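What follows is data.tsv (TSV, N, CA and C atoms).
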chain	number	residue	atom	x	y	z
K	1233	MET	N	-26.55	-16.01	-25.63
K	1233	MET	CA	-27.38	-15.20	-24.80
K	1233	MET	C	-28.44	-16.02	-24.09
K	1234	GLU	N	-29.08	-16.93	-24.77
K	1234	GLU	CA	-30.14	-17.71	-24.17
K	1234	GLU	C	-29.61	-18.60	-23.07
K	1235	GLY	N	-28.37	-19.09	-23.20
K	1235	GLY	CA	-27.76	-19.93	-22.17
K	1235	GLY	C	-27.57	-19.17	-20.88
K	1236	SER	N	-27.20	-17.91	-20.97
K	1236	SER	CA	-26.98	-17.14	-19.75
K	1236	SER	C	-28.30	-16.81	-19.06
K	1237	GLN	N	-29.37	-16.62	-19.83
K	1237	GLN	CA	-30.68	-16.36	-19.22
K	1237	GLN	C	-31.18	-17.60	-18.48
K	1238	GLY	N	-30.92	-18.77	-19.01
K	1238	GLY	CA	-31.30	-20.01	-18.35
K	1238	GLY	C	-30.53	-20.19	-17.05
K	1239	PHE	N	-29.24	-19.78	-17.09
K	1239	PHE	CA	-28.42	-19.89	-15.90
K	1239	PHE	C	-28.93	-18.95	-14.80
K	1240	VAL	N	-29.34	-17.73	-15.19
K	1240	VAL	CA	-29.88	-16.78	-14.23
K	1240	VAL	C	-31.19	-17.32	-13.66
K	1241	LEU	N	-32.02	-17.91	-14.49
K	1241	LEU	CA	-33.28	-18.49	-14.02
K	1241	LEU	C	-33.00	-19.62	-13.03
K	1242	LEU	N	-31.99	-20.45	-13.31
K	1242	LEU	CA	-31.62	-21.53	-12.39
K	1242	LEU	C	-31.13	-20.95	-11.07
K	1243	GLU	N	-30.35	-19.87	-11.10
K	1243	GLU	CA	-29.88	-19.24	-9.86
K	1243	GLU	C	-31.05	-18.69	-9.04
K	1244	VAL	N	-32.00	-18.08	-9.72
K	1244	VAL	CA	-33.17	-17.54	-9.02
K	1244	VAL	C	-33.98	-18.66	-8.39
K	1245	ILE	N	-34.16	-19.75	-9.10
K	1245	ILE	CA	-34.92	-20.89	-8.56
K	1245	ILE	C	-34.19	-21.49	-7.34
K	1246	VAL	N	-32.87	-21.64	-7.43
K	1246	VAL	CA	-32.10	-22.18	-6.31
K	1246	VAL	C	-32.19	-21.23	-5.11
K	1247	ALA	N	-32.05	-19.93	-5.34
K	1247	ALA	CA	-32.12	-18.96	-4.26
K	1247	ALA	C	-33.51	-18.97	-3.61
K	1248	MET	N	-34.54	-19.05	-4.44
K	1248	MET	CA	-35.90	-19.09	-3.90
K	1248	MET	C	-36.14	-20.36	-3.10
K	1249	SER	N	-35.61	-21.48	-3.56
K	1249	SER	CA	-35.80	-22.73	-2.83
K	1249	SER	C	-35.04	-22.70	-1.49
K	1250	LEU	N	-33.85	-22.08	-1.47
K	1250	LEU	CA	-33.13	-21.94	-0.20
K	1250	LEU	C	-33.89	-21.04	0.78
K	1251	ILE	N	-34.43	-19.96	0.28
K	1251	ILE	CA	-35.21	-19.05	1.14
K	1251	ILE	C	-36.46	-19.75	1.65
K	1252	LEU	N	-37.15	-20.46	0.78
K	1252	LEU	CA	-38.36	-21.17	1.17
K	1252	LEU	C	-38.05	-22.27	2.18
K	1253	GLY	N	-36.96	-23.00	1.97
K	1253	GLY	CA	-36.56	-24.05	2.91
K	1253	GLY	C	-36.22	-23.47	4.28
K	1254	SER	N	-35.50	-22.37	4.29
K	1254	SER	CA	-35.17	-21.72	5.56
K	1254	SER	C	-36.43	-21.22	6.25
K	1255	TRP	N	-37.33	-20.64	5.47
K	1255	TRP	CA	-38.58	-20.14	6.04
K	1255	TRP	C	-39.40	-21.26	6.66
K	1256	MET	N	-39.48	-22.39	5.96
K	1256	MET	CA	-40.25	-23.53	6.48
K	1256	MET	C	-39.61	-24.09	7.75
K	1257	ALA	N	-38.28	-24.15	7.79
K	1257	ALA	CA	-37.58	-24.64	8.98
K	1257	ALA	C	-37.84	-23.71	10.17
K	1258	LEU	N	-37.76	-22.40	9.91
K	1258	LEU	CA	-38.02	-21.44	10.99
K	1258	LEU	C	-39.46	-21.51	11.46
K	1259	LEU	N	-40.39	-21.69	10.54
K	1259	LEU	CA	-41.80	-21.80	10.90
K	1259	LEU	C	-42.04	-23.04	11.76
K	1260	GLY	N	-41.41	-24.16	11.40
K	1260	GLY	CA	-41.55	-25.38	12.19
K	1260	GLY	C	-40.97	-25.21	13.59
K	1261	ALA	N	-39.83	-24.55	13.69
K	1261	ALA	CA	-39.22	-24.30	15.00
K	1261	ALA	C	-40.11	-23.39	15.83
K	1262	TYR	N	-40.69	-22.37	15.21
K	1262	TYR	CA	-41.56	-21.45	15.92
K	1262	TYR	C	-42.81	-22.17	16.44
K	1263	GLN	N	-43.40	-23.02	15.60
K	1263	GLN	CA	-44.58	-23.77	16.03
K	1263	GLN	C	-44.25	-24.71	17.19
K	1264	ASN	N	-43.09	-25.35	17.13
K	1264	ASN	CA	-42.67	-26.25	18.21
K	1264	ASN	C	-42.47	-25.46	19.50
K	1265	LEU	N	-41.84	-24.30	19.40
K	1265	LEU	CA	-41.62	-23.46	20.57
K	1265	LEU	C	-42.94	-22.96	21.14
K	1266	ALA	N	-43.87	-22.55	20.28
K	1266	ALA	CA	-45.17	-22.08	20.74
K	1266	ALA	C	-45.94	-23.21	21.43
K	1267	LEU	N	-45.85	-24.42	20.89
K	1267	LEU	CA	-46.53	-25.57	21.49
K	1267	LEU	C	-45.95	-25.87	22.87
K	1268	ARG	N	-44.61	-25.88	22.97
K	1268	ARG	CA	-43.97	-26.14	24.27
K	1268	ARG	C	-44.30	-25.06	25.29
K	1269	THR	N	-44.33	-23.82	24.84
K	1269	THR	CA	-44.66	-22.72	25.75
K	1269	THR	C	-46.10	-22.87	26.26
K	1270	ALA	N	-47.01	-23.24	25.39
K	1270	ALA	CA	-48.40	-23.43	25.81
K	1270	ALA	C	-48.51	-24.60	26.79
K	1271	GLN	N	-47.76	-25.67	26.56
K	1271	GLN	CA	-47.79	-26.82	27.47
K	1271	GLN	C	-47.23	-26.45	28.84
K	1272	VAL	N	-46.13	-25.70	28.85
K	1272	VAL	CA	-45.52	-25.29	30.12
K	1272	VAL	C	-46.48	-24.36	30.87
K	1273	GLU	N	-47.11	-23.45	30.18
K	1273	GLU	CA	-48.06	-22.54	30.83
K	1273	GLU	C	-49.25	-23.30	31.39
K	1274	SER	N	-49.73	-24.28	30.64
K	1274	SER	CA	-50.84	-25.11	31.12
K	1274	SER	C	-50.43	-25.88	32.37
K	1275	LYS	N	-49.24	-26.45	32.36
K	1275	LYS	CA	-48.73	-27.19	33.51
K	1275	LYS	C	-48.57	-26.25	34.71
K	1276	ARG	N	-48.05	-25.06	34.48
K	1276	ARG	CA	-47.87	-24.08	35.56
K	1276	ARG	C	-49.21	-23.69	36.16
K	1277	THR	N	-50.22	-23.50	35.32
K	1277	THR	CA	-51.55	-23.15	35.81
K	1277	THR	C	-52.14	-24.29	36.63
K	1278	GLN	N	-51.96	-25.52	36.16
K	1278	GLN	CA	-52.46	-26.68	36.90
K	1278	GLN	C	-51.75	-26.80	38.26
K	1279	LEU	N	-50.44	-26.63	38.28
K	1279	LEU	CA	-49.70	-26.71	39.54
K	1279	LEU	C	-50.13	-25.59	40.49
K	1280	ARG	N	-50.37	-24.40	39.97
K	1280	ARG	CA	-50.81	-23.29	40.81
K	1280	ARG	C	-52.17	-23.59	41.42
K	1281	ARG	N	-53.09	-24.17	40.63
K	1281	ARG	CA	-54.41	-24.53	41.17
K	1281	ARG	C	-54.28	-25.59	42.27
K	1282	GLU	N	-53.43	-26.61	42.03
K	1282	GLU	CA	-53.22	-27.65	43.04
K	1282	GLU	C	-52.60	-27.07	44.30
K	1283	PHE	N	-51.64	-26.16	44.14
K	1283	PHE	CA	-51.01	-25.54	45.29
K	1283	PHE	C	-52.02	-24.70	46.07
K	1284	ASP	N	-52.86	-23.94	45.36
K	1284	ASP	CA	-53.87	-23.14	46.04
K	1284	ASP	C	-54.86	-24.03	46.79
K	1285	ALA	N	-55.27	-25.14	46.17
K	1285	ALA	CA	-56.18	-26.06	46.85
K	1285	ALA	C	-55.52	-26.66	48.09
K	1286	PHE	N	-54.25	-26.99	48.00
K	1286	PHE	CA	-53.52	-27.52	49.15
K	1286	PHE	C	-53.45	-26.48	50.26
K	1287	GLU	N	-53.15	-25.24	49.90
K	1287	GLU	CA	-53.06	-24.18	50.90
K	1287	GLU	C	-54.41	-23.96	51.60
K	1288	VAL	N	-55.50	-23.99	50.85
K	1288	VAL	CA	-56.82	-23.82	51.44
K	1288	VAL	C	-57.10	-25.00	52.39
K	1289	GLY	N	-56.75	-26.20	51.95
K	1289	GLY	CA	-56.94	-27.37	52.81
K	1289	GLY	C	-56.13	-27.28	54.09
K	1290	GLU	N	-54.90	-26.81	53.98
K	1290	GLU	CA	-54.05	-26.65	55.17
K	1290	GLU	C	-54.64	-25.60	56.11
K	1291	GLN	N	-55.13	-24.49	55.56
K	1291	GLN	CA	-55.73	-23.47	56.41
K	1291	GLN	C	-56.96	-24.01	57.13
K	1292	LEU	N	-57.79	-24.76	56.42
K	1292	LEU	CA	-58.97	-25.35	57.06
K	1292	LEU	C	-58.57	-26.36	58.12
K	1293	ARG	N	-57.53	-27.15	57.83
K	1293	ARG	CA	-57.08	-28.16	58.79
K	1293	ARG	C	-56.52	-27.48	60.03
K	1294	LEU	N	-55.76	-26.40	59.84
K	1294	LEU	CA	-55.18	-25.70	60.99
K	1294	LEU	C	-56.24	-25.03	61.84
K	1295	ARG	N	-57.27	-24.51	61.21
K	1295	ARG	CA	-58.35	-23.88	61.98
K	1295	ARG	C	-59.10	-24.92	62.80
K	1296	GLY	N	-59.21	-26.13	62.28
K	1296	GLY	CA	-59.93	-27.18	62.99
K	1296	GLY	C	-59.09	-27.90	64.02
K	1297	SER	N	-57.78	-27.69	64.03
K	1297	SER	CA	-56.93	-28.45	64.93
K	1297	SER	C	-56.46	-27.62	66.13
K	1298	THR	N	-57.26	-26.64	66.55
K	1298	THR	CA	-56.88	-25.88	67.73
K	1298	THR	C	-57.13	-26.74	68.95
K	1299	ASN	N	-56.24	-26.66	69.92
K	1299	ASN	CA	-56.41	-27.47	71.12
K	1299	ASN	C	-57.26	-26.73	72.13
K	1300	THR	N	-57.40	-27.28	73.35
K	1300	THR	CA	-58.32	-26.72	74.34
K	1300	THR	C	-57.87	-25.35	74.84
K	1301	LYS	N	-56.60	-25.06	74.81
K	1301	LYS	CA	-56.12	-23.76	75.27
K	1301	LYS	C	-56.25	-22.69	74.18
K	1302	GLY	N	-56.68	-23.07	73.03
K	1302	GLY	CA	-56.83	-22.12	71.94
K	1302	GLY	C	-55.55	-21.89	71.18
K	1303	GLN	N	-54.53	-22.73	71.42
K	1303	GLN	CA	-53.28	-22.59	70.68
K	1303	GLN	C	-53.41	-23.31	69.36
K	1304	ASN	N	-52.79	-22.74	68.37
K	1304	ASN	CA	-52.84	-23.31	67.03
K	1304	ASN	C	-51.45	-23.79	66.67
K	1305	HIS	N	-51.33	-25.07	66.34
K	1305	HIS	CA	-50.05	-25.61	65.93
K	1305	HIS	C	-49.89	-25.36	64.44
K	1306	GLU	N	-48.88	-24.59	64.09
K	1306	GLU	CA	-48.71	-24.13	62.71
K	1306	GLU	C	-48.38	-25.25	61.74
K	1307	SER	N	-47.62	-26.23	62.19
K	1307	SER	CA	-47.16	-27.25	61.26
K	1307	SER	C	-47.46	-28.63	61.82
K	1308	SER	N	-47.80	-29.55	60.95
K	1308	SER	CA	-48.05	-30.91	61.39
K	1308	SER	C	-46.75	-31.60	61.78
K	1309	ARG	N	-45.61	-31.04	61.38
K	1309	ARG	CA	-44.33	-31.63	61.71
K	1309	ARG	C	-43.88	-31.27	63.12
K	1310	MET	N	-44.50	-30.27	63.72
K	1310	MET	CA	-44.10	-29.85	65.06
K	1310	MET	C	-44.75	-30.76	66.09
K	1311	SER	N	-43.97	-31.15	67.07
K	1311	SER	CA	-44.49	-31.98	68.14
K	1311	SER	C	-45.39	-31.14	69.03
K	1312	ARG	N	-46.48	-31.70	69.50
K	1312	ARG	CA	-47.39	-30.96	70.36
K	1312	ARG	C	-46.97	-31.04	71.82
K	1313	ARG	N	-46.02	-31.87	72.13
K	1313	ARG	CA	-45.53	-31.93	73.51
K	1313	ARG	C	-44.18	-31.24	73.58
K	1314	HIS	N	-43.86	-30.78	74.75
K	1314	HIS	CA	-42.58	-30.14	74.95
K	1314	HIS	C	-41.52	-31.20	75.14
K	1315	ARG	N	-40.41	-31.06	74.47
K	1315	ARG	CA	-39.33	-32.02	74.63
K	1315	ARG	C	-38.56	-31.70	75.90
K	1316	THR	N	-38.23	-32.74	76.65
K	1316	THR	CA	-37.46	-32.51	77.86
K	1316	THR	C	-36.03	-32.22	77.48
K	1317	GLN	N	-35.45	-31.26	78.14
K	1317	GLN	CA	-34.07	-30.90	77.86
K	1317	GLN	C	-33.21	-31.50	78.96
K	1318	HIS	N	-32.24	-32.29	78.55
K	1318	HIS	CA	-31.35	-32.93	79.48
K	1318	HIS	C	-30.24	-31.96	79.88
K	1319	ALA	N	-29.92	-31.96	81.16
K	1319	ALA	CA	-28.82	-31.12	81.62
K	1319	ALA	C	-27.52	-31.70	81.10
K	1320	ALA	N	-26.68	-30.85	80.62
K	1320	ALA	CA	-25.41	-31.32	80.07
K	1320	ALA	C	-24.47	-31.63	81.23
K	1321	ALA	N	-23.95	-32.86	81.28
K	1321	ALA	CA	-23.02	-33.27	82.34
K	1321	ALA	C	-21.66	-32.64	82.11
K	1322	GLN	N	-21.33	-32.40	80.86
K	1322	GLN	CA	-20.04	-31.81	80.53
K	1322	GLN	C	-20.28	-30.59	79.67
K	1323	PRO	N	-19.41	-29.60	79.76
K	1323	PRO	CA	-19.56	-28.44	78.87
K	1323	PRO	C	-19.33	-28.86	77.43
K	1324	PRO	N	-19.89	-28.13	76.49
K	1324	PRO	CA	-19.69	-28.49	75.09
K	1324	PRO	C	-18.21	-28.52	74.74
K	1325	SER	N	-17.82	-29.53	73.99
K	1325	SER	CA	-16.41	-29.70	73.68
K	1325	SER	C	-15.96	-28.61	72.71
K	1326	GLN	N	-14.74	-28.15	72.94
K	1326	GLN	CA	-14.15	-27.15	72.06
K	1326	GLN	C	-13.45	-27.85	70.90
K	1327	ASN	N	-13.27	-27.15	69.83
K	1327	ASN	CA	-12.56	-27.71	68.68
K	1327	ASN	C	-11.10	-27.92	69.07
K	1328	LYS	N	-10.69	-29.17	69.10
K	1328	LYS	CA	-9.31	-29.49	69.45
K	1328	LYS	C	-8.60	-29.90	68.18
K	1329	ARG	N	-7.44	-29.30	67.95
K	1329	ARG	CA	-6.70	-29.63	66.73
K	1329	ARG	C	-5.40	-30.27	67.06
Written as structure tokens, how would this file's structure read?
Amino acid sequence: MEGSQGFVLLEVIVAMSLILGSWMALLGAYQNLALRTAQVESKRTQLRREFDAFEVGEQLRLRGSTNTKGQNHESSRMSRRHRTQHAAAQPPSQNKR
């Protein structure tokens, strides 16, 4: 009888250690996930602030870059002069197969 009680005690200890090990592994994974989520949120907030500052700077730059006619060039990539359009000597070629 005493041998079987010891065996049951050993089974309970093994089961408890498996549960505790699983719990600790899950807790570690949760903490890692929470840390990564906080880092991503912090990075997102920083990028949003930088983007907002850039947008404010662009708005201020655009307001200050109006020309004498009062026209506002929306993008710095747009040329301020009109491009000359060359007359086509030949009609556009058709797809020849």
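A straight line drawn from atom C of Ser1249 in chain K to atom C of Ala1266 in chain K is 25.4 Å long.
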Students should find that CA of Thr1269 in chain K and atom C of Leu1252 in chain K are spaced 24.5 Å
Distance in Å - atom N of Leu1265 in chain K versus atom C of Ala1247 in chain K
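Value for the atom N of Leu1265 in chain K-atom C of Ala1247 in chain K distance: 25.0 Å.
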